[in-house]
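S.K.: Pasting model17.txt here (compact mmCIF, C-alpha atoms and all ligand atoms):
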```
# COMPACT_ATOMS: atom_id res chain seq x y z
CA MET A 1 0.06 12.33 16.14
CA THR A 2 2.31 11.49 13.21
CA GLN A 3 0.49 13.90 10.94
CA VAL A 4 2.53 16.94 9.93
CA GLU A 5 0.76 19.49 7.79
CA ASN A 6 3.05 21.24 5.30
CA LYS A 7 6.17 20.67 7.34
CA PRO A 8 9.05 22.84 6.06
CA ALA A 9 11.96 21.15 4.32
CA ALA A 10 14.60 19.90 6.73
CA TYR A 11 16.97 17.34 5.34
CA ASP A 12 20.38 16.10 6.26
CA THR A 13 21.53 14.65 2.95
CA PRO A 14 21.18 16.23 -0.51
CA PHE A 15 18.42 15.02 -2.82
CA VAL A 16 19.50 12.27 -5.17
CA PRO A 17 19.33 13.18 -8.88
CA ILE A 18 16.88 10.98 -10.78
CA GLU A 19 19.60 10.21 -13.35
CA LYS A 20 21.64 8.39 -10.68
CA ILE A 21 18.69 6.13 -9.92
CA VAL A 22 18.00 5.53 -13.62
CA ALA A 23 21.65 4.54 -14.15
CA LEU A 24 21.75 2.29 -11.06
CA CYS A 25 18.48 0.62 -12.08
CA LYS A 26 19.77 -0.22 -15.54
CA ARG A 27 23.26 -1.26 -14.39
CA ARG A 28 22.07 -3.54 -11.61
CA GLY A 29 18.93 -4.96 -13.20
CA PHE A 30 16.16 -3.10 -11.40
CA VAL A 31 14.50 -1.35 -14.35
CA TYR A 32 15.04 -1.39 -18.12
CA PRO A 33 13.48 0.88 -20.75
CA ASN A 34 10.68 -1.03 -22.52
CA SER A 35 11.39 -2.17 -26.14
CA GLU A 36 14.80 -0.57 -25.91
CA ILE A 37 16.18 -2.25 -29.04
CA TYR A 38 13.44 -0.49 -31.05
CA GLY A 39 14.19 2.88 -29.53
CA GLY A 40 11.91 2.50 -26.49
CA VAL A 41 8.39 3.73 -25.73
CA SER A 42 8.09 6.88 -23.67
CA GLY A 43 6.58 6.32 -20.23
CA ILE A 44 6.75 2.49 -20.28
CA TYR A 45 9.31 0.33 -18.44
CA ASP A 46 10.25 -3.30 -17.73
CA PHE A 47 11.53 -4.57 -14.40
CA GLY A 48 14.70 -6.69 -14.19
CA PRO A 49 15.70 -9.51 -11.80
CA LEU A 50 16.26 -7.30 -8.76
CA GLY A 51 13.42 -4.94 -9.71
CA VAL A 52 10.84 -7.69 -9.80
CA GLU A 53 11.91 -8.89 -6.34
CA LEU A 54 11.65 -5.37 -4.91
CA ARG A 55 8.30 -4.84 -6.61
CA ASN A 56 6.89 -8.12 -5.35
CA ASN A 57 8.03 -7.26 -1.82
CA ILE A 58 6.43 -3.82 -2.00
CA ARG A 59 3.13 -5.32 -3.19
CA ARG A 60 3.28 -8.13 -0.63
CA TYR A 61 3.95 -5.76 2.24
CA TRP A 62 1.04 -3.51 1.26
CA TRP A 63 -1.28 -6.51 0.90
CA TRP A 64 -0.14 -7.92 4.25
CA SER A 65 -0.72 -4.58 6.04
CA MET A 66 -4.01 -3.77 4.37
CA VAL A 67 -5.77 -7.11 3.78
CA GLN A 68 -4.16 -9.79 5.91
CA MET A 69 -3.88 -7.65 9.05
CA ASN A 70 -7.39 -6.13 8.92
CA ASP A 71 -10.41 -8.30 9.69
CA ASN A 72 -12.69 -5.75 8.02
CA VAL A 73 -10.84 -5.70 4.67
CA VAL A 74 -10.86 -8.25 1.81
CA GLY A 75 -9.11 -8.28 -1.55
CA ILE A 76 -10.10 -8.78 -5.18
CA GLU A 77 -8.29 -8.81 -8.51
CA GLY A 78 -10.28 -7.29 -11.34
CA ALA A 79 -9.69 -7.34 -15.09
CA ILE A 80 -7.94 -4.57 -16.96
CA ILE A 81 -10.70 -4.37 -19.57
CA THR A 82 -14.27 -3.62 -18.52
CA HIS A 83 -17.54 -2.72 -20.21
CA PRO A 84 -17.15 0.73 -21.83
CA LYS A 85 -20.13 2.08 -19.91
CA VAL A 86 -18.05 1.83 -16.73
CA TRP A 87 -16.00 4.80 -17.90
CA GLU A 88 -19.07 6.86 -18.78
CA ALA A 89 -20.55 6.19 -15.35
CA SER A 90 -17.25 6.92 -13.62
CA GLY A 91 -17.07 10.33 -15.33
CA HIS A 92 -13.75 9.55 -17.01
CA VAL A 93 -15.00 9.81 -20.60
CA GLU A 94 -16.15 13.34 -19.86
CA ASN A 95 -13.76 14.56 -17.19
CA PHE A 96 -10.50 12.61 -17.36
CA VAL A 97 -8.72 15.30 -19.28
CA ASP A 98 -5.54 17.29 -19.06
CA ARG A 99 -5.56 20.87 -20.32
CA LEU A 100 -2.41 21.51 -22.31
CA VAL A 101 -0.61 24.38 -23.90
CA ASP A 102 2.29 24.34 -26.33
CA CYS A 103 5.04 26.91 -26.63
CA LYS A 104 4.92 28.45 -30.12
CA ASN A 105 8.65 29.08 -29.96
CA CYS A 106 10.41 26.05 -28.41
CA LYS A 107 7.47 23.63 -29.04
CA ARG A 108 7.54 22.31 -25.46
CA ARG A 109 4.23 21.06 -24.08
CA PHE A 110 2.91 21.80 -20.58
CA ARG A 111 -0.02 20.75 -18.42
CA ILE A 112 -1.77 23.93 -17.30
CA ASP A 113 -2.15 22.63 -13.76
CA GLN A 114 1.63 22.27 -13.54
CA LEU A 115 2.53 25.74 -14.84
CA PRO A 116 3.52 28.50 -12.40
CA GLU A 117 0.65 30.99 -12.05
CA GLU A 118 2.66 33.93 -13.46
CA ASN A 119 3.28 32.00 -16.71
CA ILE A 120 -0.45 31.36 -17.08
CA ILE A 121 -1.29 35.03 -16.46
CA GLN A 122 1.42 36.30 -18.82
CA ASN A 123 0.86 33.45 -21.32
CA LYS A 124 4.62 32.84 -21.33
CA CYS A 125 6.65 29.64 -21.69
CA PRO A 126 8.51 28.96 -18.41
CA VAL A 127 11.58 27.69 -20.34
CA CYS A 128 12.15 30.15 -23.21
CA GLY A 129 9.61 32.91 -22.52
CA GLY A 130 7.84 32.25 -25.86
CA GLU A 131 4.11 32.72 -26.42
CA LEU A 132 1.82 29.82 -25.43
CA THR A 133 -1.05 28.41 -27.51
CA GLU A 134 -4.70 28.37 -26.36
CA PRO A 135 -5.32 25.48 -23.95
CA ARG A 136 -6.52 22.19 -25.50
CA ARG A 137 -8.25 19.29 -23.74
CA PHE A 138 -6.82 15.74 -24.02
CA ASN A 139 -8.57 12.67 -22.67
CA LEU A 140 -6.17 10.32 -20.89
CA LEU A 141 -8.10 7.07 -21.37
CA MET A 142 -6.39 4.47 -23.60
CA GLU A 143 -8.75 3.05 -26.18
CA THR A 144 -8.88 -0.56 -27.26
CA TYR A 145 -11.27 -2.69 -29.34
CA LEU A 146 -12.94 -6.01 -28.56
CA GLY A 147 -13.91 -8.40 -31.38
CA VAL A 148 -12.42 -9.16 -34.77
CA VAL A 149 -15.12 -8.30 -37.29
CA GLU A 150 -14.74 -4.79 -38.66
CA GLY A 151 -17.85 -2.74 -37.92
CA GLU A 152 -18.88 -5.01 -35.05
CA ARG A 153 -15.93 -4.29 -32.85
CA MET A 154 -16.71 -2.70 -29.51
CA LYS A 155 -14.63 0.25 -28.43
CA THR A 156 -13.64 0.16 -24.79
CA TYR A 157 -10.78 1.34 -22.61
CA LEU A 158 -7.86 -0.07 -20.68
CA ARG A 159 -8.72 0.96 -17.16
CA GLY A 160 -7.63 4.50 -16.33
CA GLU A 161 -7.77 3.77 -12.62
CA ALA A 162 -7.77 0.33 -11.03
CA CYS A 163 -10.41 1.07 -8.39
CA GLN A 164 -13.46 0.89 -10.69
CA ASN A 165 -13.49 -2.94 -10.47
CA ILE A 166 -14.04 -2.62 -6.74
CA TYR A 167 -17.32 -0.70 -7.22
CA LEU A 168 -18.38 -3.16 -9.91
CA ASP A 169 -17.76 -6.11 -7.56
CA PHE A 170 -19.08 -4.45 -4.39
CA ASP A 171 -22.45 -6.20 -4.48
CA ASN A 172 -20.84 -9.56 -5.32
CA VAL A 173 -18.50 -9.23 -2.34
CA VAL A 174 -21.39 -8.36 0.00
CA LYS A 175 -23.38 -11.37 -1.22
CA SER A 176 -20.51 -13.86 -1.30
CA THR A 177 -18.75 -13.02 1.99
CA ARG A 178 -19.78 -12.17 5.54
CA MET A 179 -18.58 -8.58 5.19
CA GLN A 180 -20.83 -5.94 6.70
CA ILE A 181 -20.40 -2.19 6.60
CA PRO A 182 -18.02 -0.73 7.65
CA PHE A 183 -15.64 -2.80 5.53
CA GLY A 184 -13.10 -2.35 2.79
CA ILE A 185 -12.04 -3.94 -0.50
CA CYS A 186 -8.44 -3.78 -1.68
CA GLN A 187 -6.86 -4.32 -5.04
CA ILE A 188 -3.48 -3.97 -6.69
CA GLY A 189 -3.49 -3.72 -10.44
CA LYS A 190 -2.30 -2.08 -13.61
CA ALA A 191 -3.74 1.20 -14.84
CA PHE A 192 -3.17 2.96 -18.15
CA ARG A 193 -3.15 6.65 -18.94
CA ASN A 194 -2.22 8.41 -22.12
CA GLU A 195 -0.21 10.88 -20.07
CA VAL A 196 0.71 13.75 -22.36
CA THR A 197 3.80 14.58 -20.43
CA PRO A 198 5.19 11.24 -19.15
CA GLY A 199 8.58 11.62 -17.53
CA ASN A 200 10.82 11.59 -14.53
CA PHE A 201 11.41 7.87 -14.92
CA LEU A 202 8.81 5.83 -12.99
CA PHE A 203 7.12 8.90 -11.56
CA ARG A 204 4.73 9.51 -14.44
CA GLN A 205 4.25 6.55 -16.76
CA ARG A 206 1.63 5.46 -19.26
CA GLU A 207 1.38 1.93 -17.88
CA PHE A 208 1.69 1.70 -14.12
CA GLU A 209 0.34 -0.11 -11.12
CA GLN A 210 -1.94 1.24 -8.41
CA TRP A 211 -3.06 0.01 -5.03
CA ASP A 212 -6.43 0.97 -3.70
CA LEU A 213 -8.46 0.57 -0.62
CA GLN A 214 -12.12 1.46 -1.02
CA PHE A 215 -13.67 1.53 2.44
CA PHE A 216 -17.49 1.47 2.53
CA VAL A 217 -19.17 3.26 5.43
CA HIS A 218 -22.49 4.60 6.68
CA PRO A 219 -22.60 8.34 5.81
CA SER A 220 -22.76 9.27 9.51
CA GLU A 221 -19.38 7.57 10.08
CA MET A 222 -17.59 9.03 7.07
CA GLN A 223 -15.49 11.61 8.91
CA GLN A 224 -14.26 9.13 11.49
CA TRP A 225 -13.15 6.55 8.90
CA PHE A 226 -11.64 9.21 6.64
CA ASP A 227 -9.46 10.38 9.57
CA TYR A 228 -8.63 6.80 10.51
CA TRP A 229 -7.33 5.75 7.09
CA LYS A 230 -5.60 9.06 6.47
CA GLU A 231 -3.58 8.54 9.63
CA LYS A 232 -2.96 4.82 9.00
CA ARG A 233 -1.61 5.37 5.51
CA PHE A 234 0.70 8.14 6.66
CA GLU A 235 2.14 5.84 9.31
CA TRP A 236 2.60 3.10 6.72
CA TYR A 237 4.79 5.30 4.51
CA GLU A 238 6.62 6.70 7.51
CA GLY A 239 7.53 3.15 8.51
CA ILE A 240 9.32 2.32 5.26
CA ILE A 241 11.50 5.39 4.70
CA ASN A 242 14.67 6.82 6.21
CA HIS A 243 13.88 10.50 5.64
CA LYS A 244 10.68 10.88 7.61
CA GLU A 245 10.91 14.69 7.51
CA ARG A 246 10.34 14.47 3.75
CA LEU A 247 6.77 13.23 4.18
CA HIS A 248 3.75 15.45 4.74
CA PHE A 249 0.06 15.93 3.98
CA ARG A 250 -1.27 18.48 1.55
CA GLU A 251 -4.95 19.21 1.34
CA HIS A 252 -6.43 19.82 -2.11
CA GLY A 253 -7.90 23.27 -2.71
CA PRO A 254 -11.48 23.43 -4.12
CA ASP A 255 -10.23 24.02 -7.70
CA GLU A 256 -7.97 20.94 -7.64
CA LEU A 257 -10.47 18.34 -6.50
CA ALA A 258 -11.07 15.43 -8.89
CA HIS A 259 -14.62 15.17 -10.23
CA TYR A 260 -15.49 12.40 -7.74
CA ALA A 261 -13.93 13.87 -4.59
CA LYS A 262 -15.51 16.19 -2.02
CA LYS A 263 -12.33 16.35 0.03
CA ALA A 264 -8.80 15.09 -0.62
CA PHE A 265 -5.41 14.96 1.01
CA ASP A 266 -2.21 13.90 -0.70
CA ILE A 267 0.57 12.20 1.18
CA GLU A 268 3.51 13.93 -0.45
CA TYR A 269 7.19 13.05 -0.44
CA GLN A 270 9.97 15.51 -1.10
CA THR A 271 12.63 14.58 -3.65
CA ILE A 272 14.70 16.45 -6.20
CA LEU A 273 11.37 16.90 -8.05
CA GLY A 274 9.99 18.90 -5.09
CA TRP A 275 6.99 17.88 -3.00
CA GLN A 276 5.00 15.37 -5.06
CA GLU A 277 1.98 13.14 -4.51
CA TRP A 278 2.75 9.60 -3.35
CA GLU A 279 -0.76 8.57 -2.35
CA GLY A 280 -4.17 10.25 -2.39
CA ILE A 281 -6.78 9.96 0.39
CA HIS A 282 -10.14 10.81 -1.14
CA TRP A 283 -13.61 11.45 0.27
CA ARG A 284 -15.57 9.87 -2.60
CA GLY A 285 -18.92 9.90 -0.79
CA ASP A 286 -21.71 8.13 -2.67
CA TRP A 287 -20.50 9.23 -6.13
CA ASP A 288 -19.33 5.84 -7.41
CA LEU A 289 -22.08 3.50 -6.28
CA SER A 290 -24.79 6.06 -7.17
CA ARG A 291 -23.40 6.54 -10.67
CA HIS A 292 -23.00 2.81 -11.32
CA SER A 293 -26.55 2.21 -10.01
CA GLU A 294 -27.82 4.89 -12.39
CA TYR A 295 -25.88 3.77 -15.48
CA SER A 296 -26.32 0.00 -15.01
CA GLY A 297 -29.89 0.06 -13.75
CA GLN A 298 -28.82 -2.25 -10.87
CA ASP A 299 -29.56 -1.13 -7.34
CA LEU A 300 -26.21 -1.05 -5.50
CA SER A 301 -27.61 0.11 -2.17
CA TYR A 302 -26.88 -1.81 1.00
CA THR A 303 -29.22 -3.06 3.73
CA ASP A 304 -28.04 -2.94 7.31
CA GLN A 305 -28.63 -6.39 8.82
CA ASN A 306 -29.55 -4.99 12.24
CA THR A 307 -31.48 -1.79 11.59
CA LYS A 308 -32.78 -2.80 8.11
CA GLU A 309 -31.85 0.69 6.92
CA ARG A 310 -31.20 0.78 3.17
CA TYR A 311 -28.68 3.29 1.84
CA ILE A 312 -25.93 3.90 -0.71
CA PRO A 313 -22.65 3.46 1.20
CA TRP A 314 -20.12 6.27 1.22
CA ILE A 315 -16.50 5.58 0.32
CA VAL A 316 -13.10 6.51 1.73
CA GLU A 317 -10.42 5.84 -0.86
CA THR A 318 -6.69 5.49 -0.32
CA SER A 319 -4.95 5.21 -3.68
CA GLY A 320 -1.21 4.98 -4.27
CA GLY A 321 1.23 3.74 -6.85
CA VAL A 322 3.50 0.69 -6.79
CA ASP A 323 5.89 2.34 -9.25
CA ARG A 324 5.97 5.65 -7.44
CA THR A 325 6.69 3.73 -4.24
CA PHE A 326 9.48 1.86 -6.04
CA LEU A 327 11.04 5.14 -7.21
CA ASN A 328 10.59 7.02 -3.93
CA LEU A 329 12.06 4.14 -1.96
CA LEU A 330 15.18 4.10 -4.14
CA LEU A 331 15.50 7.89 -3.89
CA ASP A 332 15.10 7.60 -0.13
CA ALA A 333 17.50 4.67 0.25
CA TYR A 334 20.33 5.70 -2.09
CA GLU A 335 23.52 6.80 -0.42
CA GLU A 336 27.09 7.27 -1.59
CA GLU A 337 29.51 6.66 1.24
CA PRO A 338 32.91 8.29 0.72
CA ASP A 339 35.79 5.84 0.84
CA PRO A 340 38.39 6.75 3.51
CA THR A 341 41.21 5.51 1.26
CA GLY A 342 40.16 7.77 -1.59
CA LYS A 343 38.70 5.02 -3.79
CA GLU A 344 35.31 5.37 -5.55
CA PRO A 345 32.46 6.11 -3.13
CA ARG A 346 30.44 3.07 -2.03
CA THR A 347 26.82 3.00 -3.22
CA VAL A 348 24.50 1.70 -0.53
CA LEU A 349 20.73 1.20 -0.62
CA ARG A 350 19.27 1.52 2.87
CA LEU A 351 16.06 -0.36 2.18
CA HIS A 352 13.60 -1.69 4.74
CA PRO A 353 14.42 -5.40 5.30
CA MET A 354 10.85 -6.37 4.49
CA LEU A 355 11.25 -4.74 1.06
CA ALA A 356 14.89 -5.34 0.18
CA PRO A 357 15.12 -7.61 -2.91
CA VAL A 358 17.77 -9.86 -1.38
CA LYS A 359 17.45 -10.87 2.27
CA VAL A 360 20.68 -12.73 2.84
CA ALA A 361 23.98 -13.44 1.11
CA VAL A 362 26.10 -16.50 1.78
CA LEU A 363 29.75 -15.80 1.07
CA PRO A 364 32.28 -18.58 1.77
CA LEU A 365 35.59 -17.03 2.79
CA GLN A 366 37.49 -19.29 0.39
CA LYS A 367 36.15 -21.09 -2.63
CA ASN A 368 38.84 -23.77 -2.83
CA LYS A 369 38.23 -25.27 0.64
CA GLU A 370 35.74 -28.04 0.13
CA GLU A 371 34.54 -28.12 3.72
CA LEU A 372 33.78 -24.38 3.73
CA VAL A 373 32.07 -24.51 0.34
CA THR A 374 29.89 -27.51 1.23
CA THR A 375 28.73 -25.88 4.48
CA ALA A 376 28.09 -22.55 2.77
CA ARG A 377 26.09 -24.24 0.00
CA ASP A 378 24.03 -26.18 2.57
CA ILE A 379 23.24 -22.97 4.49
CA HIS A 380 22.25 -21.24 1.25
CA LYS A 381 19.99 -24.18 0.26
CA THR A 382 18.21 -24.10 3.62
CA LEU A 383 17.75 -20.33 3.55
CA GLN A 384 16.52 -20.07 -0.02
CA ARG A 385 13.42 -22.12 0.82
CA LEU A 386 12.34 -19.24 3.07
CA MET A 387 13.73 -16.07 1.50
CA VAL A 388 15.76 -14.69 -1.38
CA SER A 389 19.33 -15.78 -0.66
CA GLN A 390 22.33 -15.21 -2.91
CA TYR A 391 25.38 -17.44 -2.99
CA ASP A 392 28.48 -15.58 -4.09
CA ASP A 393 32.04 -16.86 -4.22
CA VAL A 394 33.37 -14.66 -7.02
CA SER A 395 36.25 -12.22 -6.20
CA ASN A 396 37.61 -11.21 -2.80
CA ILE A 397 35.39 -11.01 0.28
CA GLY A 398 35.54 -7.19 0.53
CA ARG A 399 34.23 -6.83 -3.02
CA ARG A 400 31.47 -9.31 -2.34
CA TYR A 401 30.33 -7.35 0.73
CA ARG A 402 30.31 -4.15 -1.30
CA ARG A 403 28.30 -5.79 -4.06
CA GLN A 404 25.65 -6.94 -1.61
CA ASP A 405 25.38 -3.52 0.07
CA LYS A 406 23.55 -2.34 -2.97
CA TRP A 407 20.50 -4.47 -2.45
CA LEU A 408 20.68 -6.36 0.81
CA ALA A 409 18.33 -5.60 3.69
CA GLY A 410 19.24 -2.17 5.04
CA SER A 411 19.62 -0.52 8.38
CA PHE A 412 15.98 -0.62 9.49
CA SER A 413 14.70 -2.52 12.47
CA ILE A 414 11.67 -4.70 11.79
CA GLN A 415 8.65 -3.64 13.86
P1 LIG B 501 -1.08 13.15 -10.50
O1 LIG B 501 -1.74 14.37 -9.86
O2 LIG B 501 0.36 12.97 -10.10
O3 LIG B 501 -1.33 13.05 -11.97
P2 LIG B 501 -3.37 11.66 -9.79
O4 LIG B 501 -3.93 12.56 -8.73
O5 LIG B 501 -3.97 11.66 -11.13
O6 LIG B 501 -1.79 11.88 -9.88
P3 LIG B 501 -4.54 9.30 -8.78
O7 LIG B 501 -5.50 9.16 -9.87
O8 LIG B 501 -5.03 9.75 -7.44
O9 LIG B 501 -3.31 10.20 -9.23
O10 LIG B 501 -3.73 7.95 -8.66
C1 LIG B 501 -3.34 7.37 -7.44
C2 LIG B 501 -1.85 7.11 -7.41
O11 LIG B 501 -1.42 6.42 -8.58
C3 LIG B 501 -0.97 8.35 -7.34
O12 LIG B 501 -0.86 8.80 -6.02
C4 LIG B 501 0.34 7.84 -7.87
O13 LIG B 501 1.08 7.19 -6.84
C5 LIG B 501 -0.09 6.81 -8.90
N1 LIG B 501 -0.04 7.36 -10.25
C6 LIG B 501 -0.99 8.14 -10.85
N2 LIG B 501 -0.64 8.44 -12.10
C7 LIG B 501 0.56 7.81 -12.31
C8 LIG B 501 1.45 7.72 -13.44
N3 LIG B 501 1.15 8.31 -14.60
N4 LIG B 501 2.58 6.99 -13.31
C9 LIG B 501 2.89 6.37 -12.15
N5 LIG B 501 2.09 6.42 -11.06
C10 LIG B 501 0.95 7.13 -11.12
```
Before anything else, please render the file you have as structure tokens.
Ligand code: ATP
M.R.:
Amino acid sequence: MTQVENKPAAYDTPFVPIEKIVALCKRRGFVYPNSEIYGGVSGIYDFGPLGVELRNNIRRYWWWSMVQMNDNVVGIEGAIITHPKVWEASGHVENFVDRLVDCKNCKRRFRIDQLPEENIIQNKCPVCGGELTEPRRFNLLMETYLGVVEGERMKTYLRGEACQNIYLDFDNVVKSTRMQIPFGICQIGKAFRNEVTPGNFLFRQREFEQWDLQFFVHPSEMQQWFDYWKEKRFEWYEGIINHKERLHFREHGPDELAHYAKKAFDIEYQTILGWQEWEGIHWRGDWDLSRHSEYSGQDLSYTDQNTKERYIPWIVETSGGVDRTFLNLLLDAYEEEPDPTGKEPRTVLRLHPMLAPVKVAVLPLQKNKEELVTTARDIHKTLQRLMVSQYDDVSNIGRRYRRQDKWLAGSFSIQ
């Protein structure tokens, strides 16, 4: 079993400060603040030349593992904007809220579910000790309007979670493919949340990307598939990180469960921010298809081809974040190697070769020897048809090696 419940912290290298990753990302072209020349927008980022390669590799690897390698899983790509009723049916209009308090003294704002219990009981700000306001509810859905004529415009929402498209397309997938329950539908896509306390770089953003598997099962097989995917997803994360002892499961207590979940486990990763959710494994039961059947008036039940039994399928959800994966991978991979000659430490990213933004570097030993340069260029040309290859003949060979250490495939073995 790879599953480790609440494993105590045991780490060999210190946690990397987020600021170091932010600085590296900007300096090397992984991530830039969005609209920076206008002062930026809190909780929104752009990805630079190396960032987009890493991001694409992360997405591709997830898709390969989840869709391409599983005969009982297919993929879709849904739109960001849906009919507004979707969000009533999903419960988000009513329940997708954060309860917030403000400090009357220092004016800081906190989510109640993130405050230490003693501060809630004593009604005290955890930073300055000031008095806190009464809790207020904020809905996280981002509103938008369709249509141009004032008064006839329809209010709807940018999707607050990507998975809703999967429920909306469930019946279409059943009718247009040969998929039979048990089977899953995957999707990677943007989601938008008016997070009241965005922060910690890519960890909590307002525009971010999620990956979801929604696996549809007969209710009698729910437990077995829930355990199966919980285990599979843990192994997936374990396979792409160096610090495996920093990964564990945490089960949600009854008060924490989202409105749709009867049972939930988070795969958490430990960083300088503490143990934090990386992906959620949720027992969604029949909530989603029942609600969409009720609100749309369309029957979304499923008929078993063999037994002719008709039922609303139950759902196991595994839902993680592309951006959180991006950040956690950099935090996991970042290392500063001391230089034996006393020069500046060497920054190395020990990324999984499947995910590393650059796969190979071609570095001719001398740039003024035509024979060497022609051969090196030919090798680079052949390689770049298959993978991201960089040709570099600027400065001495030692420097060029050091430069590449920051993003080349790391010390993992491919399994
Ligand atoms: P949290 O408790 O951290 O707010 P959540 O439980 O609301 O997260 P889910 O709705 O389960 O998160 O979303 C699934 C995944 O999407 C999370 O595990 C995380 O990786 C990612 N995610 C959620 N919110 C954000 C965000 N604001 N910015 C970046 N990634 C996010």
S.K.: Residues at most 8 Å from ligand LIG 501 (chain B), using only C-alpha atoms and all ligand atoms? Could they come as a list in words?
M.R.: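 The distance check yields Glu161, Phe192, Arg193, Glu195, Pro198, Leu202, Phe203, Arg204, Gln205, Arg206, Glu207, Phe208, Glu209, Gln210, Trp211, Ala258, Asp266, Gln276, Glu277, Trp278, Glu279, Gly280, Ser319, Gly320, Gly321, Val322, Asp323, Arg324 and Thr325 of chain A.
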S.K.: Take atom CA of Leu50 of chain A and atom CA of Gly29 of chain A and report the distance between them in Å, one decimal.
M.R.: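 Computed distance, atom CA of Leu50 of chain A to atom CA of Gly29 of chain A, equals 5.7 Å.
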S.K.: For atom CA of Pro116 of chain A and atom CA of Val196 of chain A, quote the distance in Å rounded to one decimal.
M.R.: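 Computing it gives 18.0 Å between the two atoms.
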S.K.: Take atom CA of Val74 of chain A and atom CA of Ile185 of chain A and report the distance between them in Å, one decimal.
M.R.: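 Taking atom CA of Val74 of chain A as the start and atom CA of Ile185 of chain A as the end point, the length is 5.0 Å.
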S.K.: Determine the nearest neighbour of Leu146 of chain A from the options A:Pro126, A:Gln164, A:Val362, A:Pro84, counting all atoms listed in the file.
M.R.: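 Nearest to Leu146 of chain A: A:Pro84.
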S.K.: Would you mind telling me which residue in A:Gln366, A:Val148, A:Ile272, A:Asp304 lies nearest to Asn200 of chain A when using only C-alpha atoms?
M.R.: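 Comparing A:Gln366, A:Val148, A:Ile272, A:Asp304 against Asn200 of chain A, the winner is A:Ile272.
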S.K.: I'd like the contact shell of Tyr228 of chain A - 12 Å cut-off, only C-alpha atoms, skipping same-chain residues fewer than 4 positions apart - returned as a PyMOL selection string.
M.R.: chain A and resi 1+3+215+221-224+232-235+281+316-318
S.K.: With distances taken over all atoms listed in the file, which of A:Thr197, A:Thr375, A:Trp62, A:Ile181 is nearest to Arg108 of chain A?
M.R.: A:Thr197
S.K.: Rank A:Leu273, A:Arg346, A:Phe201, A:Lys230 by their smallest atom-to-atom distance to Ser42 of chain A, using only C-alpha atoms, and report the top residue only.
M.R.: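 Of A:Leu273, A:Arg346, A:Phe201, A:Lys230, the one nearest Ser42 of chain A is A:Phe201, counting only C-alpha atoms.
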